[in-house]
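See below for the structure under consideration.
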Amino acid sequence: MELESYRYIAIEGPIGVGKTSLATRLATLFGAGAILEQPADNPFLEAFYRDAGRHAFQTQTFFLLQRIAQLQAPLDPALAAERFVADFMLEKNALFSQLTLAGDELQLYQALHAQLRPQVRLPDLVIYLQAPTPTLLARIAQRGIGMEEAISSDYLQQLSDSYSNFFYHYEETPVLTVNTEHLDPAHNDADLQVLLQHIEAMRGKRAFLNQGG
């Protein structure tokens, strides 16, 4: 499939893996609209990092409603000729909620998510970025966002495991899995060309890009 056939590409993976940087670069390359997460707009997020149990439901619900609104663009008939690159999928809300919510709050959140899910369309391609937990921690430290300093290694590992399990069973759209420990398509031109070649060469539902350093 040629690159032009992918009108809507979503990039996913755990915190610190490089989703936004790659989405921004691909959007610029393709002349596409960039649909980027806006975590700074979530008024509950900083409190969540300090006390997840107390603020998780508000945090996750805000993100769900925010992301639903953002993902209306690929469905807008007035934008039918446009291309889009997003640095998230709506499904990430379900992954995070399973890590942070429990009991009645989790059930209520899941019911809300199920009601709203049909309002967005599936991507034409998902690029799933992976990296080991120490690499994620180093990248988070490097970007120096204060509220992220409380993110623990255990939480990142659980999140990475949740993503791995999710994509192991995911069959709704084609997925290209990219190990970013030694591959940096967001900042390295040669690595970006390797990624683009793999996207264009995809013939089925799954492909893997894993190059050692």
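Ordered as shown in the structure tokens, chains take letters A, B, and onward, while each chain numbers its residues from 1 and ligands are numbered from 1 in the order shown.
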Can you build me a table of range 73-177 of chain A residues sitting at most 10 Å from range 50-65 of chain A, with the closest atom pair per residue and its distance in Å to one decimal, using only C-alpha atoms, sorted by chain and residue number, as a tab-separated table?
```
residue	atom	partner	partner_atom	distance
A:Leu90	CA	A:Leu64	CA	7.4
A:Glu91	CA	A:Leu64	CA	9.5
A:Lys92	CA	A:Leu64	CA	9.2
A:Asn93	CA	A:Leu64	CA	6.3
A:Ala94	CA	A:Gln60	CA	9.0
A:Phe96	CA	A:Gln60	CA	7.6
A:Ser97	CA	A:Gln60	CA	6.6
A:Leu99	CA	A:Ala56	CA	9.6
A:Thr100	CA	A:Ala56	CA	6.0
A:Leu101	CA	A:Ala56	CA	6.5
A:Ala102	CA	A:Gly53	CA	9.3
A:Glu105	CA	A:Phe57	CA	6.8
A:Leu106	CA	A:Phe57	CA	8.1
A:Leu108	CA	A:Phe57	CA	9.5
A:Tyr109	CA	A:Thr61	CA	7.2
A:Leu112	CA	A:Thr61	CA	8.6
A:His113	CA	A:Leu64	CA	7.4
A:Leu116	CA	A:Leu65	CA	8.6
A:Arg117	CA	A:Leu64	CA	9.5
A:Met147	CA	A:Arg50	CA	8.2
A:Glu148	CA	A:Arg50	CA	9.7
A:Glu149	CA	A:Arg50	CA	9.8
A:Ala150	CA	A:Arg50	CA	7.0
A:Ile151	CA	A:Arg50	CA	9.3
```
Between CA of Val17 in chain A and CA of Thr135 in chain A, what is the distance in Å, rounded to a tenth?
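We find that CA of Val17 in chain A and CA of Thr135 in chain A lie 8.2 Å from each other.
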May I have all residues of range 11-208 of chain A that DSSP, computed from the backbone, assigns to strand (DSSP E), given as a ChimeraX atom specification?
/A:11-12,33-35,84-86,125-130,175-179,206-208
So that I can see what lies close to range 6-12 of chain A, please list as a PyMOL selection string the residues with an atom at most 8 Å from it, counting only C-alpha atoms and leaving out residues fewer than 5 positions away in the same chain.
chain A and resi 19+22-23+74+82-89+123-129
Serialized selection, all heavy atoms, as a short mmCIF file (atom, residue, chain, number, x, y, z; two decimals), in the first residue's frame:
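Dumped everything to part_18.cif:
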```cif
data_model
loop_
_atom_site.label_atom_id
_atom_site.label_comp_id
_atom_site.auth_asym_id
_atom_site.auth_seq_id
_atom_site.Cartn_x
_atom_site.Cartn_y
_atom_site.Cartn_z
N LYS A 19 5.97 9.60 20.90
CA LYS A 19 4.79 9.68 20.03
C LYS A 19 4.61 11.07 19.41
O LYS A 19 4.42 11.19 18.20
CB LYS A 19 3.53 9.31 20.82
CG LYS A 19 3.55 7.93 21.43
CD LYS A 19 2.25 7.63 22.17
CE LYS A 19 2.05 8.51 23.38
NZ LYS A 19 3.05 8.25 24.45
N LEU A 22 7.29 12.09 16.76
CA LEU A 22 7.13 11.42 15.48
C LEU A 22 5.87 11.89 14.76
O LEU A 22 5.88 12.10 13.54
CB LEU A 22 7.08 9.90 15.68
CG LEU A 22 6.94 9.07 14.40
CD1 LEU A 22 8.08 9.37 13.42
CD2 LEU A 22 6.88 7.58 14.72
N ALA A 23 4.78 12.06 15.49
CA ALA A 23 3.55 12.53 14.86
C ALA A 23 3.74 13.91 14.24
O ALA A 23 3.27 14.17 13.12
CB ALA A 23 2.42 12.57 15.90
N PRO A 74 -11.07 13.80 11.67
CA PRO A 74 -11.05 12.87 10.53
C PRO A 74 -12.43 12.47 10.02
O PRO A 74 -12.54 11.90 8.94
CB PRO A 74 -10.31 11.65 11.12
CG PRO A 74 -9.48 12.21 12.21
CD PRO A 74 -10.32 13.28 12.82
N GLU A 82 -8.41 15.96 3.55
CA GLU A 82 -7.25 16.19 4.40
C GLU A 82 -6.67 14.88 4.93
O GLU A 82 -7.35 13.85 4.99
CB GLU A 82 -7.63 17.07 5.59
CG GLU A 82 -8.18 18.43 5.21
CD GLU A 82 -7.13 19.31 4.54
OE1 GLU A 82 -5.96 19.23 4.97
OE2 GLU A 82 -7.49 20.06 3.61
N ARG A 83 -5.39 14.90 5.31
CA ARG A 83 -4.75 13.79 5.99
C ARG A 83 -4.48 14.19 7.44
O ARG A 83 -4.32 15.37 7.74
CB ARG A 83 -3.44 13.40 5.30
CG ARG A 83 -3.61 13.01 3.84
CD ARG A 83 -2.28 12.68 3.21
NE ARG A 83 -1.75 11.41 3.69
CZ ARG A 83 -0.57 10.92 3.34
NH1 ARG A 83 0.23 11.61 2.54
NH2 ARG A 83 -0.16 9.75 3.78
N PHE A 84 -4.41 13.17 8.30
CA PHE A 84 -4.22 13.44 9.72
C PHE A 84 -3.21 12.47 10.31
O PHE A 84 -3.17 11.30 9.94
CB PHE A 84 -5.55 13.30 10.48
CG PHE A 84 -6.61 14.28 10.04
CD1 PHE A 84 -7.52 13.94 9.06
CD2 PHE A 84 -6.66 15.55 10.59
CE1 PHE A 84 -8.48 14.85 8.64
CE2 PHE A 84 -7.62 16.46 10.18
CZ PHE A 84 -8.53 16.11 9.21
N VAL A 85 -2.43 12.97 11.26
CA VAL A 85 -1.55 12.14 12.07
C VAL A 85 -1.82 12.48 13.53
O VAL A 85 -1.70 13.65 13.93
CB VAL A 85 -0.06 12.36 11.75
CG1 VAL A 85 0.81 11.45 12.61
CG2 VAL A 85 0.22 12.12 10.27
N ALA A 86 -2.21 11.49 14.32
CA ALA A 86 -2.51 11.69 15.73
C ALA A 86 -1.46 10.99 16.58
O ALA A 86 -0.94 9.94 16.21
CB ALA A 86 -3.90 11.15 16.07
N ASP A 87 -1.18 11.58 17.75
CA ASP A 87 -0.21 10.94 18.65
C ASP A 87 -0.92 10.15 19.75
O ASP A 87 -0.36 9.93 20.83
CB ASP A 87 0.77 11.96 19.24
CG ASP A 87 0.13 12.95 20.20
OD1 ASP A 87 -1.12 13.00 20.27
OD2 ASP A 87 0.87 13.69 20.88
N PHE A 88 -2.14 9.70 19.46
CA PHE A 88 -2.88 8.86 20.40
C PHE A 88 -4.02 8.17 19.68
O PHE A 88 -4.44 8.58 18.60
CB PHE A 88 -3.43 9.68 21.57
CG PHE A 88 -4.46 10.72 21.16
CD1 PHE A 88 -5.81 10.43 21.19
CD2 PHE A 88 -4.06 11.98 20.74
CE1 PHE A 88 -6.76 11.38 20.81
CE2 PHE A 88 -4.99 12.94 20.36
CZ PHE A 88 -6.34 12.63 20.39
N MET A 89 -4.50 7.09 20.29
CA MET A 89 -5.75 6.44 19.91
C MET A 89 -6.72 6.58 21.09
O MET A 89 -6.29 6.68 22.24
CB MET A 89 -5.54 4.94 19.65
CG MET A 89 -4.58 4.62 18.53
SD MET A 89 -4.11 2.86 18.57
CE MET A 89 -5.70 2.06 18.28
N PRO A 123 -8.19 4.45 12.76
CA PRO A 123 -7.10 4.90 11.87
C PRO A 123 -6.92 3.92 10.71
O PRO A 123 -7.33 2.76 10.77
CB PRO A 123 -5.88 4.88 12.80
CG PRO A 123 -6.41 4.76 14.19
CD PRO A 123 -7.72 4.06 14.09
N ASP A 124 -6.29 4.40 9.66
CA ASP A 124 -5.92 3.52 8.54
C ASP A 124 -4.66 2.72 8.87
O ASP A 124 -4.43 1.65 8.32
CB ASP A 124 -5.69 4.35 7.28
CG ASP A 124 -6.92 5.14 6.89
OD1 ASP A 124 -8.01 4.55 6.83
OD2 ASP A 124 -6.79 6.35 6.67
N LEU A 125 -3.85 3.26 9.78
CA LEU A 125 -2.60 2.61 10.20
C LEU A 125 -2.28 3.07 11.61
O LEU A 125 -2.43 4.25 11.94
CB LEU A 125 -1.44 2.98 9.27
CG LEU A 125 -0.04 2.54 9.70
CD1 LEU A 125 0.09 1.02 9.62
CD2 LEU A 125 1.03 3.22 8.85
N VAL A 126 -1.81 2.14 12.44
CA VAL A 126 -1.31 2.47 13.77
C VAL A 126 0.18 2.16 13.81
O VAL A 126 0.61 1.07 13.41
CB VAL A 126 -2.04 1.67 14.87
CG1 VAL A 126 -1.39 1.95 16.23
CG2 VAL A 126 -3.52 2.01 14.91
N ILE A 127 0.97 3.12 14.27
CA ILE A 127 2.39 2.90 14.51
C ILE A 127 2.56 2.79 16.02
O ILE A 127 2.35 3.76 16.75
CB ILE A 127 3.26 4.05 13.96
CG1 ILE A 127 3.03 4.19 12.45
CG2 ILE A 127 4.74 3.79 14.25
CD1 ILE A 127 3.75 5.39 11.84
N TYR A 128 2.91 1.60 16.47
CA TYR A 128 3.04 1.33 17.90
C TYR A 128 4.50 1.38 18.28
O TYR A 128 5.30 0.56 17.83
CB TYR A 128 2.41 -0.05 18.20
CG TYR A 128 2.78 -0.67 19.52
CD1 TYR A 128 2.89 0.09 20.68
CD2 TYR A 128 2.99 -2.05 19.61
CE1 TYR A 128 3.23 -0.50 21.90
CE2 TYR A 128 3.31 -2.65 20.82
CZ TYR A 128 3.44 -1.87 21.96
OH TYR A 128 3.77 -2.46 23.16
N LEU A 129 4.89 2.36 19.10
CA LEU A 129 6.27 2.56 19.50
C LEU A 129 6.54 1.87 20.83
O LEU A 129 5.76 1.99 21.77
CB LEU A 129 6.58 4.06 19.63
CG LEU A 129 6.30 4.93 18.41
CD1 LEU A 129 6.69 6.38 18.70
CD2 LEU A 129 7.04 4.42 17.18
#
```
Gln211 in chain A surroundings by only C-alpha atoms, 12 Å radius, close-in-sequence under 2 positions cut, as a PyMOL selection string
chain A and resi 177-185+191+194-195+208-209+213
I need the residues of range 26-167 of chain A that end up classed as helix (DSSP H, G or I) by DSSP on the backbone, written out as number ranges by chain.
A: 26-30, 39-41, 45-50, 52-70, 73-75, 77-79, 92-100, 103-119, 133-143, 146-150, 153-167
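Coordinates place CA of Ala114 in chain A at a distance of 28.3 Å from CA of Asp154 in chain A.
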Two-atom distance - CA of Asn188 in chain A, CA of Pro174 in chain A (Å)
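These atoms are spaced 24.2 Å apart.
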Using only C-alpha atoms, can you tell me which of A:Asp104, A:Glu4, A:Glu46, A:Asp41 comes closest to Ile199 in chain A?
A:Glu4
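The closest residue to Asn42 in chain A, picked from A:Arg143, A:His169, A:Arg67, A:Arg25 and counting only C-alpha atoms, is A:Arg67.
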Out of A:Gly204, A:Pro39, A:Gly33, A:Gly13, which residue has the shortest atom-to-atom distance to Ile145 in chain A when counting only C-alpha atoms?
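So, comparing all the options, the nearest one is A:Pro39.
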So, with only C-alpha atoms as the atoms that count, which of A:Gln70, A:Ser160, A:Gln107, A:Ser5 lies closest to Leu137 in chain A?
A:Ser160
Nearest candidate to Leu79 in chain A (options A:Gln38, A:Pro43, A:Ala32, A:Ala111; using only C-alpha atoms)
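Once distances to Leu79 in chain A are computed over only C-alpha atoms, the minimum belongs to A:Ala32.
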